[in-house]
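With mmCIF, C-alpha atoms inside, this is upload.cif:
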```
data_target
#
loop_
_atom_site.label_atom_id
_atom_site.label_comp_id
_atom_site.auth_asym_id
_atom_site.auth_seq_id
_atom_site.Cartn_x
_atom_site.Cartn_y
_atom_site.Cartn_z
CA MET A 1 -17.83 -14.86 -37.35
CA ALA A 2 -14.38 -14.48 -35.83
CA PHE A 3 -11.67 -16.73 -37.24
CA ILE A 4 -10.65 -19.36 -34.68
CA LYS A 5 -7.79 -21.75 -35.41
CA ILE A 6 -9.22 -24.98 -34.05
CA SER A 7 -6.22 -26.82 -35.47
CA GLU A 8 -3.98 -24.91 -33.05
CA GLN A 9 -6.04 -25.50 -29.90
CA ASP A 10 -4.67 -27.60 -27.04
CA SER A 11 -4.76 -31.35 -27.42
CA LEU A 12 -7.51 -33.21 -25.59
CA TYR A 13 -4.73 -35.30 -24.04
CA ASN A 14 -2.01 -34.24 -21.61
CA ASP A 15 1.15 -35.64 -20.05
CA LEU A 16 1.84 -37.57 -23.25
CA GLU A 17 5.37 -38.42 -22.14
CA LYS A 18 3.94 -40.26 -19.10
CA LYS A 19 1.71 -42.53 -21.17
CA SER A 20 2.63 -46.10 -22.10
CA VAL A 21 3.12 -46.97 -25.76
CA PRO A 22 -0.24 -48.82 -25.93
CA GLU A 23 -1.97 -45.76 -24.44
CA ILE A 24 -0.33 -43.42 -26.95
CA LEU A 25 -1.25 -45.65 -29.89
CA SER A 26 -4.81 -46.13 -28.68
CA ASP A 27 -5.33 -42.40 -28.16
CA ILE A 28 -3.91 -41.53 -31.60
CA ASN A 29 -6.20 -44.13 -33.16
CA LYS A 30 -9.16 -42.72 -31.25
CA GLU A 31 -8.46 -39.29 -32.73
CA ASP A 32 -7.89 -40.69 -36.22
CA GLN A 33 -11.37 -42.20 -36.17
CA LYS A 34 -12.76 -38.66 -36.12
CA VAL A 35 -11.17 -37.85 -39.48
CA ALA A 36 -13.46 -39.93 -41.71
CA ILE A 37 -16.50 -38.38 -40.03
CA ALA A 38 -15.15 -34.87 -40.62
CA VAL A 39 -14.47 -35.69 -44.27
CA GLN A 40 -17.97 -37.16 -44.64
CA LYS A 41 -19.48 -33.90 -43.42
CA ALA A 42 -17.48 -32.04 -46.11
CA ILE A 43 -18.75 -34.18 -49.00
CA PRO A 44 -21.25 -31.53 -50.23
CA GLN A 45 -18.38 -29.04 -50.65
CA ILE A 46 -16.12 -31.68 -52.25
CA GLU A 47 -18.92 -32.56 -54.66
CA LYS A 48 -19.45 -28.91 -55.56
CA LEU A 49 -15.77 -28.46 -56.37
CA VAL A 50 -15.51 -31.68 -58.40
CA GLU A 51 -18.60 -30.76 -60.43
CA LYS A 52 -16.95 -27.46 -61.33
CA ILE A 53 -13.61 -29.11 -62.16
CA ILE A 54 -14.87 -31.74 -64.62
CA PRO A 55 -16.12 -29.44 -67.43
CA ARG A 56 -12.97 -27.33 -67.18
CA MET A 57 -10.71 -30.35 -67.52
CA LYS A 58 -12.74 -31.60 -70.47
CA LYS A 59 -11.75 -28.32 -72.13
CA GLY A 60 -8.07 -28.90 -71.41
CA GLY A 61 -7.87 -27.41 -67.93
CA ARG A 62 -5.43 -28.56 -65.26
CA ILE A 63 -5.52 -28.80 -61.48
CA PHE A 64 -2.84 -27.04 -59.44
CA TYR A 65 -2.48 -28.10 -55.81
CA MET A 66 -0.69 -25.49 -53.68
CA GLY A 67 0.55 -25.84 -50.14
CA ALA A 68 3.46 -25.57 -47.71
CA GLY A 69 5.02 -28.23 -45.50
CA THR A 70 2.86 -31.32 -44.99
CA SER A 71 0.02 -29.84 -47.04
CA GLY A 72 2.31 -29.12 -49.97
CA ARG A 73 3.86 -32.58 -49.81
CA LEU A 74 0.45 -34.24 -49.86
CA GLY A 75 -0.54 -32.22 -52.91
CA VAL A 76 2.64 -33.26 -54.72
CA LEU A 77 2.06 -36.87 -53.65
CA ASP A 78 -1.47 -37.01 -55.05
CA ALA A 79 -0.43 -35.29 -58.28
CA SER A 80 2.51 -37.68 -58.76
CA GLU A 81 0.30 -40.75 -58.43
CA ILE A 82 -2.20 -39.75 -61.12
CA PRO A 83 -0.09 -40.53 -64.25
CA PRO A 84 0.80 -44.13 -63.33
CA THR A 85 -2.69 -44.87 -62.02
CA PHE A 86 -4.75 -43.36 -64.82
CA GLY A 87 -2.31 -43.09 -67.73
CA VAL A 88 -2.50 -39.31 -68.10
CA PRO A 89 0.42 -36.90 -68.59
CA PRO A 90 2.06 -35.41 -65.47
CA THR A 91 0.99 -31.95 -66.65
CA LEU A 92 -2.69 -32.63 -65.92
CA ILE A 93 -2.53 -32.39 -62.12
CA ILE A 94 0.43 -30.45 -60.75
CA GLY A 95 1.55 -30.13 -57.15
CA LEU A 96 3.34 -26.96 -56.10
CA ILE A 97 5.02 -26.67 -52.69
CA ALA A 98 6.43 -23.56 -51.05
CA GLY A 99 10.22 -23.78 -51.28
CA GLY A 100 10.16 -25.98 -54.39
CA ASP A 101 11.20 -29.62 -54.69
CA ARG A 102 13.85 -29.20 -51.96
CA ALA A 103 10.99 -28.70 -49.49
CA LEU A 104 9.74 -32.22 -50.18
CA ARG A 105 12.58 -33.64 -48.10
CA THR A 106 13.87 -30.69 -46.08
CA ALA A 107 11.70 -28.16 -44.27
CA VAL A 108 11.93 -24.68 -45.80
CA GLU A 109 9.83 -23.01 -43.15
CA ASP A 110 10.06 -19.38 -44.28
CA ALA A 111 9.01 -20.21 -47.86
CA GLU A 112 5.34 -20.24 -46.89
CA ASP A 113 5.53 -16.53 -46.01
CA ASP A 114 6.50 -15.53 -49.56
CA THR A 115 3.40 -13.80 -50.91
CA SER A 116 4.58 -13.49 -54.51
CA ARG A 117 6.20 -16.83 -55.30
CA GLY A 118 2.97 -18.84 -55.57
CA TRP A 119 1.53 -16.76 -58.40
CA GLU A 120 4.95 -16.60 -60.06
CA GLU A 121 5.00 -20.39 -60.18
CA LEU A 122 1.51 -20.53 -61.64
CA THR A 123 2.47 -18.07 -64.38
CA GLU A 124 5.56 -20.17 -65.12
CA HIS A 125 3.10 -22.97 -65.89
CA HIS A 126 1.12 -20.60 -68.16
CA ILE A 127 -2.03 -20.84 -66.05
CA CYS A 128 -5.27 -20.04 -67.93
CA ASN A 129 -9.00 -19.70 -67.31
CA ASN A 130 -9.75 -23.41 -67.73
CA ASP A 131 -7.33 -24.29 -64.92
CA ILE A 132 -8.16 -24.85 -61.26
CA VAL A 133 -6.15 -23.79 -58.20
CA ILE A 134 -6.71 -25.74 -54.97
CA GLY A 135 -5.03 -24.37 -51.87
CA ILE A 136 -4.19 -26.81 -49.08
CA ALA A 137 -3.45 -25.53 -45.57
CA ALA A 138 -4.67 -26.87 -42.24
CA SER A 139 -4.33 -23.42 -40.70
CA GLY A 140 -5.95 -21.60 -43.60
CA ILE A 141 -3.50 -18.71 -43.28
CA THR A 142 -0.51 -19.67 -45.48
CA PRO A 143 0.51 -16.48 -47.40
CA TYR A 144 2.16 -18.42 -50.27
CA VAL A 145 -1.18 -20.07 -50.97
CA ILE A 146 -3.58 -17.23 -50.17
CA GLN A 147 -2.02 -14.62 -52.44
CA ALA A 148 -1.80 -17.07 -55.35
CA MET A 149 -5.47 -17.94 -54.90
CA HIS A 150 -6.39 -14.26 -54.64
CA THR A 151 -4.69 -13.39 -57.91
CA ALA A 152 -6.04 -16.48 -59.64
CA ARG A 153 -9.56 -15.61 -58.63
CA GLU A 154 -9.10 -12.05 -59.87
CA GLN A 155 -8.15 -13.58 -63.22
CA GLY A 156 -11.37 -15.59 -63.35
CA ILE A 157 -9.71 -18.89 -62.48
CA LEU A 158 -11.65 -21.39 -60.34
CA THR A 159 -10.25 -21.66 -56.81
CA GLY A 160 -10.88 -24.22 -54.10
CA CYS A 161 -9.25 -25.01 -50.77
CA ILE A 162 -8.92 -27.67 -48.10
CA THR A 163 -8.55 -26.42 -44.54
CA SER A 164 -9.13 -27.59 -40.97
CA ASN A 165 -10.50 -24.29 -39.69
CA PRO A 166 -13.82 -22.58 -40.47
CA ASP A 167 -13.99 -19.10 -42.01
CA SER A 168 -10.25 -18.85 -42.68
CA PRO A 169 -8.52 -16.18 -44.82
CA MET A 170 -7.78 -18.93 -47.37
CA ALA A 171 -11.44 -19.93 -47.55
CA ALA A 172 -12.30 -16.30 -48.30
CA GLU A 173 -10.26 -16.60 -51.52
CA ALA A 174 -11.94 -19.84 -52.59
CA ASP A 175 -14.91 -20.24 -54.90
CA VAL A 176 -15.46 -23.54 -53.09
CA ALA A 177 -14.04 -23.95 -49.59
CA ILE A 178 -13.75 -27.47 -48.18
CA GLU A 179 -13.65 -27.06 -44.42
CA MET A 180 -12.75 -30.36 -42.77
CA ILE A 181 -12.98 -29.76 -39.03
CA VAL A 182 -11.06 -32.56 -37.32
CA GLY A 183 -10.52 -30.69 -34.04
CA PRO A 184 -7.31 -30.28 -32.02
CA GLU A 185 -4.41 -32.54 -32.89
CA PHE A 186 -3.14 -35.29 -30.55
CA VAL A 187 0.14 -33.37 -30.26
CA THR A 188 -0.97 -29.75 -30.06
CA GLY A 189 -0.62 -28.00 -33.42
CA SER A 190 0.88 -31.02 -35.23
CA SER A 191 -1.24 -30.79 -38.36
CA ARG A 192 0.73 -33.61 -40.01
CA MET A 193 -1.56 -35.89 -38.01
CA LYS A 194 -5.37 -35.65 -38.32
CA SER A 195 -5.36 -32.69 -40.68
CA GLY A 196 -2.83 -34.37 -42.96
CA THR A 197 -4.80 -37.62 -42.94
CA GLY A 198 -7.99 -35.79 -43.87
CA GLN A 199 -6.25 -33.80 -46.61
CA LYS A 200 -4.96 -37.05 -48.16
CA MET A 201 -8.47 -38.53 -48.10
CA ILE A 202 -10.01 -35.48 -49.77
CA LEU A 203 -7.29 -35.23 -52.41
CA ASN A 204 -7.90 -38.91 -53.23
CA MET A 205 -11.61 -38.20 -53.55
CA ILE A 206 -11.12 -35.19 -55.83
CA SER A 207 -8.59 -36.70 -58.21
CA THR A 208 -10.16 -40.16 -58.37
CA SER A 209 -13.70 -38.91 -59.01
CA VAL A 210 -12.43 -36.51 -61.68
CA MET A 211 -10.44 -39.25 -63.43
CA ILE A 212 -13.43 -41.59 -63.38
CA LYS A 213 -15.64 -38.92 -64.93
CA LEU A 214 -12.98 -38.24 -67.56
CA GLY A 215 -13.24 -41.87 -68.67
CA ARG A 216 -10.00 -43.18 -67.21
CA VAL A 217 -11.69 -46.11 -65.40
CA LYS A 218 -13.85 -48.93 -66.81
CA GLY A 219 -16.11 -50.78 -64.40
CA ASN A 220 -13.86 -50.59 -61.36
CA LYS A 221 -10.56 -51.19 -63.15
CA MET A 222 -7.56 -48.94 -63.87
CA VAL A 223 -7.65 -49.74 -67.58
CA ASN A 224 -5.33 -46.85 -68.46
CA MET A 225 -2.62 -47.52 -65.87
CA GLN A 226 1.01 -47.32 -66.95
CA LEU A 227 2.64 -50.73 -67.42
CA ASN A 228 5.93 -49.91 -65.77
CA ASN A 229 6.59 -53.06 -63.73
CA LYS A 230 5.82 -56.79 -63.71
CA LYS A 231 3.08 -56.46 -61.10
CA LEU A 232 1.13 -53.98 -63.21
CA ILE A 233 1.60 -56.00 -66.40
CA ASP A 234 0.23 -59.06 -64.57
CA ARG A 235 -2.69 -57.03 -63.20
CA GLY A 236 -3.47 -55.71 -66.68
CA ALA A 237 -3.33 -59.16 -68.24
CA ARG A 238 -5.74 -60.48 -65.63
CA MET A 239 -8.11 -57.58 -66.32
CA ILE A 240 -8.15 -58.57 -70.01
CA VAL A 241 -8.74 -62.23 -69.14
CA GLU A 242 -11.71 -61.21 -67.00
CA GLU A 243 -13.12 -58.76 -69.54
CA LEU A 244 -12.61 -60.70 -72.80
CA GLY A 245 -12.36 -64.31 -71.69
CA LEU A 246 -8.94 -64.85 -73.33
CA ASP A 247 -6.26 -67.11 -71.92
CA TYR A 248 -3.59 -65.40 -69.82
CA ASP A 249 -0.70 -65.65 -72.28
CA LYS A 250 -2.79 -64.24 -75.14
CA ALA A 251 -4.02 -61.41 -72.91
CA LYS A 252 -0.50 -60.56 -71.83
CA SER A 253 0.85 -60.51 -75.38
CA LEU A 254 -1.97 -58.21 -76.52
CA LEU A 255 -1.36 -55.94 -73.55
CA LEU A 256 2.34 -55.59 -74.37
CA LEU A 257 1.47 -54.99 -78.02
CA HIS A 258 -1.12 -52.24 -77.44
CA GLY A 259 0.26 -50.69 -74.24
CA SER A 260 -2.91 -50.43 -72.15
CA VAL A 261 -5.87 -52.53 -71.05
CA LYS A 262 -8.30 -50.06 -72.58
CA LYS A 263 -6.63 -50.17 -76.00
CA VAL A 264 -6.70 -53.97 -75.98
CA ILE A 265 -10.39 -54.06 -75.07
CA ASP A 266 -11.33 -51.38 -77.62
CA THR A 267 -9.30 -53.00 -80.40
CA TYR A 268 -10.59 -56.49 -79.65
CA ASN A 269 -14.23 -55.33 -79.57
CA ASP A 270 -13.80 -53.41 -82.83
CA GLU A 271 -12.50 -56.55 -84.54
CA GLN A 272 -15.38 -58.75 -83.44
#
```
This structure in structure tokens:
Amino acid sequence: MAFIKISEQDSLYNDLEKKSVPEILSDINKEDQKVAIAVQKAIPQIEKLVEKIIPRMKKGGRIFYMGAGTSGRLGVLDASEIPPTFGVPPTLIIGLIAGGDRALRTAVEDAEDDTSRGWEELTEHHICNNDIVIGIAASGITPYVIQAMHTAREQGILTGCITSNPDSPMAAEADVAIEMIVGPEFVTGSSRMKSGTGQKMILNMISTSVMIKLGRVKGNKMVNMQLNNKKLIDRGARMIVEELGLDYDKAKSLLLLHGSVKKVIDTYNDEQ
């Protein structure tokens, strides 16, 4: 099958500058509603990748997200939210973006064409066979990502990808390709819109399901979250009240003593 970049096709809407603000907002929302459906259709591929990730991470493996531009920023965003949410070290899920940290705030457009830098960055992190590389690119053609995935796969490292186009060069380098076909963007080629929204949803699904299966959630609560502000301390104390039936002040003092909801619950149950 010939590779067709659906993400680059003309918008279904024209004369955008002539539309009223309500029309623009309504049309964007209409397109956004297609994203959840596209992600739903990709669940079998997401499941396949997650099922392969879990045993590797139980052996000490790490996830590396790799992307350029919006895709790279979303990978870094998801990776950065895992430690405070689940109480794991920042070395467990790592986001790499073409152009480095400077590209998080300032576009470094030519960085995505560097075919060697991606693998160089992975080797700087001492990548090994238990690790996982997940490429993120709406287009599916980003050289920075593709070459890193190619070399990783040659080394026996699990590779996955998230793309908005079927049968892309990036998908060809993936053991598991997640193809989320959201169609043309509202502004032609602006993959920061539907493609970016879908990428964020899928990254949430991957990291959250993996963390749950690694025991970082109890019931439906973030019992391992970092207690780095008053809101989270209050949330943790209320979790303990609900779980153990203690009064709020006692729960809060135990939380501050032990440092996590899970440790309080485990310690309290062991003492009973």
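Note that CA of Ala137 (chain A) and CA of Cys161 (chain A) are 7.8 Å apart.
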Protein, DNA and RNA residues within 12 Å of (-16.4, -37.5, -46.5), only C-alpha atoms, as a list in words: Lys34, Val35, Ala36, Ile37, Ala38, Val39, Gln40, Lys41, Ala42, Ile43, Pro44, Gln45, Ile46, Glu47, Ile178, Glu179, Met180, Ile181, Val182, Gly198, Gln199, Lys200, Met201, Ile202, Leu203, Asn204, Met205 and Ile206 of chain A
Output C-alpha atoms for every residue in the selection just made, as an mmCIF file, keeping the file's coordinate frame.
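Here's the written file out-v6.cif:
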```
data_model
loop_
_atom_site.group_PDB
_atom_site.id
_atom_site.type_symbol
_atom_site.label_atom_id
_atom_site.label_comp_id
_atom_site.auth_asym_id
_atom_site.auth_seq_id
_atom_site.Cartn_x
_atom_site.Cartn_y
_atom_site.Cartn_z
ATOM 1 C CA LYS A 34 -12.760 -38.660 -36.120
ATOM 2 C CA VAL A 35 -11.170 -37.850 -39.480
ATOM 3 C CA ALA A 36 -13.460 -39.930 -41.710
ATOM 4 C CA ILE A 37 -16.500 -38.380 -40.030
ATOM 5 C CA ALA A 38 -15.150 -34.870 -40.620
ATOM 6 C CA VAL A 39 -14.470 -35.690 -44.270
ATOM 7 C CA GLN A 40 -17.970 -37.160 -44.640
ATOM 8 C CA LYS A 41 -19.480 -33.900 -43.420
ATOM 9 C CA ALA A 42 -17.480 -32.040 -46.110
ATOM 10 C CA ILE A 43 -18.750 -34.180 -49.000
ATOM 11 C CA PRO A 44 -21.250 -31.530 -50.230
ATOM 12 C CA GLN A 45 -18.380 -29.040 -50.650
ATOM 13 C CA ILE A 46 -16.120 -31.680 -52.250
ATOM 14 C CA GLU A 47 -18.920 -32.560 -54.660
ATOM 15 C CA ILE A 178 -13.750 -27.470 -48.180
ATOM 16 C CA GLU A 179 -13.650 -27.060 -44.420
ATOM 17 C CA MET A 180 -12.750 -30.360 -42.770
ATOM 18 C CA ILE A 181 -12.980 -29.760 -39.030
ATOM 19 C CA VAL A 182 -11.060 -32.560 -37.320
ATOM 20 C CA GLY A 198 -7.990 -35.790 -43.870
ATOM 21 C CA GLN A 199 -6.250 -33.800 -46.610
ATOM 22 C CA LYS A 200 -4.960 -37.050 -48.160
ATOM 23 C CA MET A 201 -8.470 -38.530 -48.100
ATOM 24 C CA ILE A 202 -10.010 -35.480 -49.770
ATOM 25 C CA LEU A 203 -7.290 -35.230 -52.410
ATOM 26 C CA ASN A 204 -7.900 -38.910 -53.230
ATOM 27 C CA MET A 205 -11.610 -38.200 -53.550
ATOM 28 C CA ILE A 206 -11.120 -35.190 -55.830
#
```
Reference answer for the PyMOL selection byres ((chain A and resi 61) around 8), as a VMD selection string: chain A and resid 56 to 60 62 to 63 92 128 to 132
Point-to-point distance from CA of Gly245 (chain A) to CA of Lys262 (chain A), Å rounded to tenths: 14.8 Å
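Minimum atom-to-atom distance to Arg105 (chain A), evaluated using only C-alpha atoms, belongs to A:Gly69 out of A:Pro184, A:Gly69, A:Ala79, A:Pro90.
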Complete region 231-257 of chain A at the level of N, CA and C atoms, written as a PDB file, keeping the file's coordinate frame.
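So the final result, stored in selection13.pdb, reads:
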```pdb
ATOM      1  N   LYS A 231       4.344 -56.365 -61.840  1.00  0.00           N
ATOM      2  CA  LYS A 231       3.080 -56.460 -61.100  1.00  0.00           C
ATOM      3  C   LYS A 231       1.937 -55.849 -61.892  1.00  0.00           C
ATOM      4  N   LEU A 232       2.187 -54.663 -62.477  1.00  0.00           N
ATOM      5  CA  LEU A 232       1.130 -53.980 -63.210  1.00  0.00           C
ATOM      6  C   LEU A 232       0.821 -54.665 -64.539  1.00  0.00           C
ATOM      7  N   ILE A 233       1.844 -55.240 -65.174  1.00  0.00           N
ATOM      8  CA  ILE A 233       1.600 -56.000 -66.400  1.00  0.00           C
ATOM      9  C   ILE A 233       0.724 -57.216 -66.086  1.00  0.00           C
ATOM     10  N   ASP A 234       1.038 -57.900 -64.986  1.00  0.00           N
ATOM     11  CA  ASP A 234       0.230 -59.060 -64.570  1.00  0.00           C
ATOM     12  C   ASP A 234      -1.192 -58.627 -64.245  1.00  0.00           C
ATOM     13  N   ARG A 235      -1.346 -57.516 -63.546  1.00  0.00           N
ATOM     14  CA  ARG A 235      -2.690 -57.030 -63.200  1.00  0.00           C
ATOM     15  C   ARG A 235      -3.476 -56.714 -64.474  1.00  0.00           C
ATOM     16  N   GLY A 236      -2.806 -56.054 -65.423  1.00  0.00           N
ATOM     17  CA  GLY A 236      -3.470 -55.710 -66.680  1.00  0.00           C
ATOM     18  C   GLY A 236      -3.889 -56.938 -67.469  1.00  0.00           C
ATOM     19  N   ALA A 237      -3.008 -57.925 -67.512  1.00  0.00           N
ATOM     20  CA  ALA A 237      -3.330 -59.160 -68.240  1.00  0.00           C
ATOM     21  C   ALA A 237      -4.540 -59.838 -67.626  1.00  0.00           C
ATOM     22  N   ARG A 238      -4.605 -59.856 -66.300  1.00  0.00           N
ATOM     23  CA  ARG A 238      -5.740 -60.480 -65.630  1.00  0.00           C
ATOM     24  C   ARG A 238      -7.035 -59.705 -65.861  1.00  0.00           C
ATOM     25  N   MET A 239      -6.933 -58.382 -65.971  1.00  0.00           N
ATOM     26  CA  MET A 239      -8.110 -57.580 -66.320  1.00  0.00           C
ATOM     27  C   MET A 239      -8.657 -57.988 -67.689  1.00  0.00           C
ATOM     28  N   ILE A 240      -7.745 -58.207 -68.646  1.00  0.00           N
ATOM     29  CA  ILE A 240      -8.150 -58.570 -70.010  1.00  0.00           C
ATOM     30  C   ILE A 240      -8.760 -59.968 -70.023  1.00  0.00           C
ATOM     31  N   VAL A 241      -8.174 -60.881 -69.258  1.00  0.00           N
ATOM     32  CA  VAL A 241      -8.740 -62.230 -69.140  1.00  0.00           C
ATOM     33  C   VAL A 241     -10.176 -62.141 -68.632  1.00  0.00           C
ATOM     34  N   GLU A 242     -10.378 -61.341 -67.599  1.00  0.00           N
ATOM     35  CA  GLU A 242     -11.710 -61.210 -67.000  1.00  0.00           C
ATOM     36  C   GLU A 242     -12.697 -60.547 -67.956  1.00  0.00           C
ATOM     37  N   GLU A 243     -12.230 -59.534 -68.675  1.00  0.00           N
ATOM     38  CA  GLU A 243     -13.120 -58.760 -69.540  1.00  0.00           C
ATOM     39  C   GLU A 243     -13.443 -59.480 -70.852  1.00  0.00           C
ATOM     40  N   LEU A 244     -12.432 -60.139 -71.456  1.00  0.00           N
ATOM     41  CA  LEU A 244     -12.610 -60.700 -72.800  1.00  0.00           C
ATOM     42  C   LEU A 244     -12.653 -62.223 -72.846  1.00  0.00           C
ATOM     43  N   GLY A 245     -12.310 -62.859 -71.721  1.00  0.00           N
ATOM     44  CA  GLY A 245     -12.360 -64.310 -71.690  1.00  0.00           C
ATOM     45  C   GLY A 245     -11.211 -64.988 -72.422  1.00  0.00           C
ATOM     46  N   LEU A 246     -10.106 -64.272 -72.660  1.00  0.00           N
ATOM     47  CA  LEU A 246      -8.940 -64.850 -73.330  1.00  0.00           C
ATOM     48  C   LEU A 246      -8.089 -65.612 -72.329  1.00  0.00           C
ATOM     49  N   ASP A 247      -7.194 -66.473 -72.840  1.00  0.00           N
ATOM     50  CA  ASP A 247      -6.260 -67.110 -71.920  1.00  0.00           C
ATOM     51  C   ASP A 247      -5.192 -66.095 -71.519  1.00  0.00           C
ATOM     52  N   TYR A 248      -4.514 -66.382 -70.417  1.00  0.00           N
ATOM     53  CA  TYR A 248      -3.590 -65.400 -69.820  1.00  0.00           C
ATOM     54  C   TYR A 248      -2.478 -65.001 -70.771  1.00  0.00           C
ATOM     55  N   ASP A 249      -1.835 -65.966 -71.412  1.00  0.00           N
ATOM     56  CA  ASP A 249      -0.700 -65.650 -72.280  1.00  0.00           C
ATOM     57  C   ASP A 249      -1.119 -64.760 -73.453  1.00  0.00           C
ATOM     58  N   LYS A 250      -2.283 -65.047 -74.041  1.00  0.00           N
ATOM     59  CA  LYS A 250      -2.790 -64.240 -75.140  1.00  0.00           C
ATOM     60  C   LYS A 250      -3.084 -62.816 -74.648  1.00  0.00           C
ATOM     61  N   ALA A 251      -3.692 -62.723 -73.479  1.00  0.00           N
ATOM     62  CA  ALA A 251      -4.020 -61.410 -72.910  1.00  0.00           C
ATOM     63  C   ALA A 251      -2.760 -60.603 -72.655  1.00  0.00           C
ATOM     64  N   LYS A 252      -1.743 -61.259 -72.128  1.00  0.00           N
ATOM     65  CA  LYS A 252      -0.500 -60.560 -71.830  1.00  0.00           C
ATOM     66  C   LYS A 252       0.189 -60.084 -73.098  1.00  0.00           C
ATOM     67  N   SER A 253       0.201 -60.907 -74.130  1.00  0.00           N
ATOM     68  CA  SER A 253       0.850 -60.510 -75.380  1.00  0.00           C
ATOM     69  C   SER A 253       0.125 -59.336 -76.034  1.00  0.00           C
ATOM     70  N   LEU A 254      -1.204 -59.328 -75.979  1.00  0.00           N
ATOM     71  CA  LEU A 254      -1.970 -58.210 -76.520  1.00  0.00           C
ATOM     72  C   LEU A 254      -1.731 -56.938 -75.719  1.00  0.00           C
ATOM     73  N   LEU A 255      -1.613 -57.097 -74.418  1.00  0.00           N
ATOM     74  CA  LEU A 255      -1.360 -55.940 -73.550  1.00  0.00           C
ATOM     75  C   LEU A 255      -0.021 -55.301 -73.887  1.00  0.00           C
ATOM     76  N   LEU A 256       1.008 -56.116 -74.037  1.00  0.00           N
ATOM     77  CA  LEU A 256       2.340 -55.590 -74.370  1.00  0.00           C
ATOM     78  C   LEU A 256       2.354 -54.988 -75.770  1.00  0.00           C
ATOM     79  N   LEU A 257       1.538 -55.512 -76.651  1.00  0.00           N
ATOM     80  CA  LEU A 257       1.470 -54.990 -78.020  1.00  0.00           C
ATOM     81  C   LEU A 257       0.803 -53.619 -78.056  1.00  0.00           C
TER      82      LEU A 257
END
```
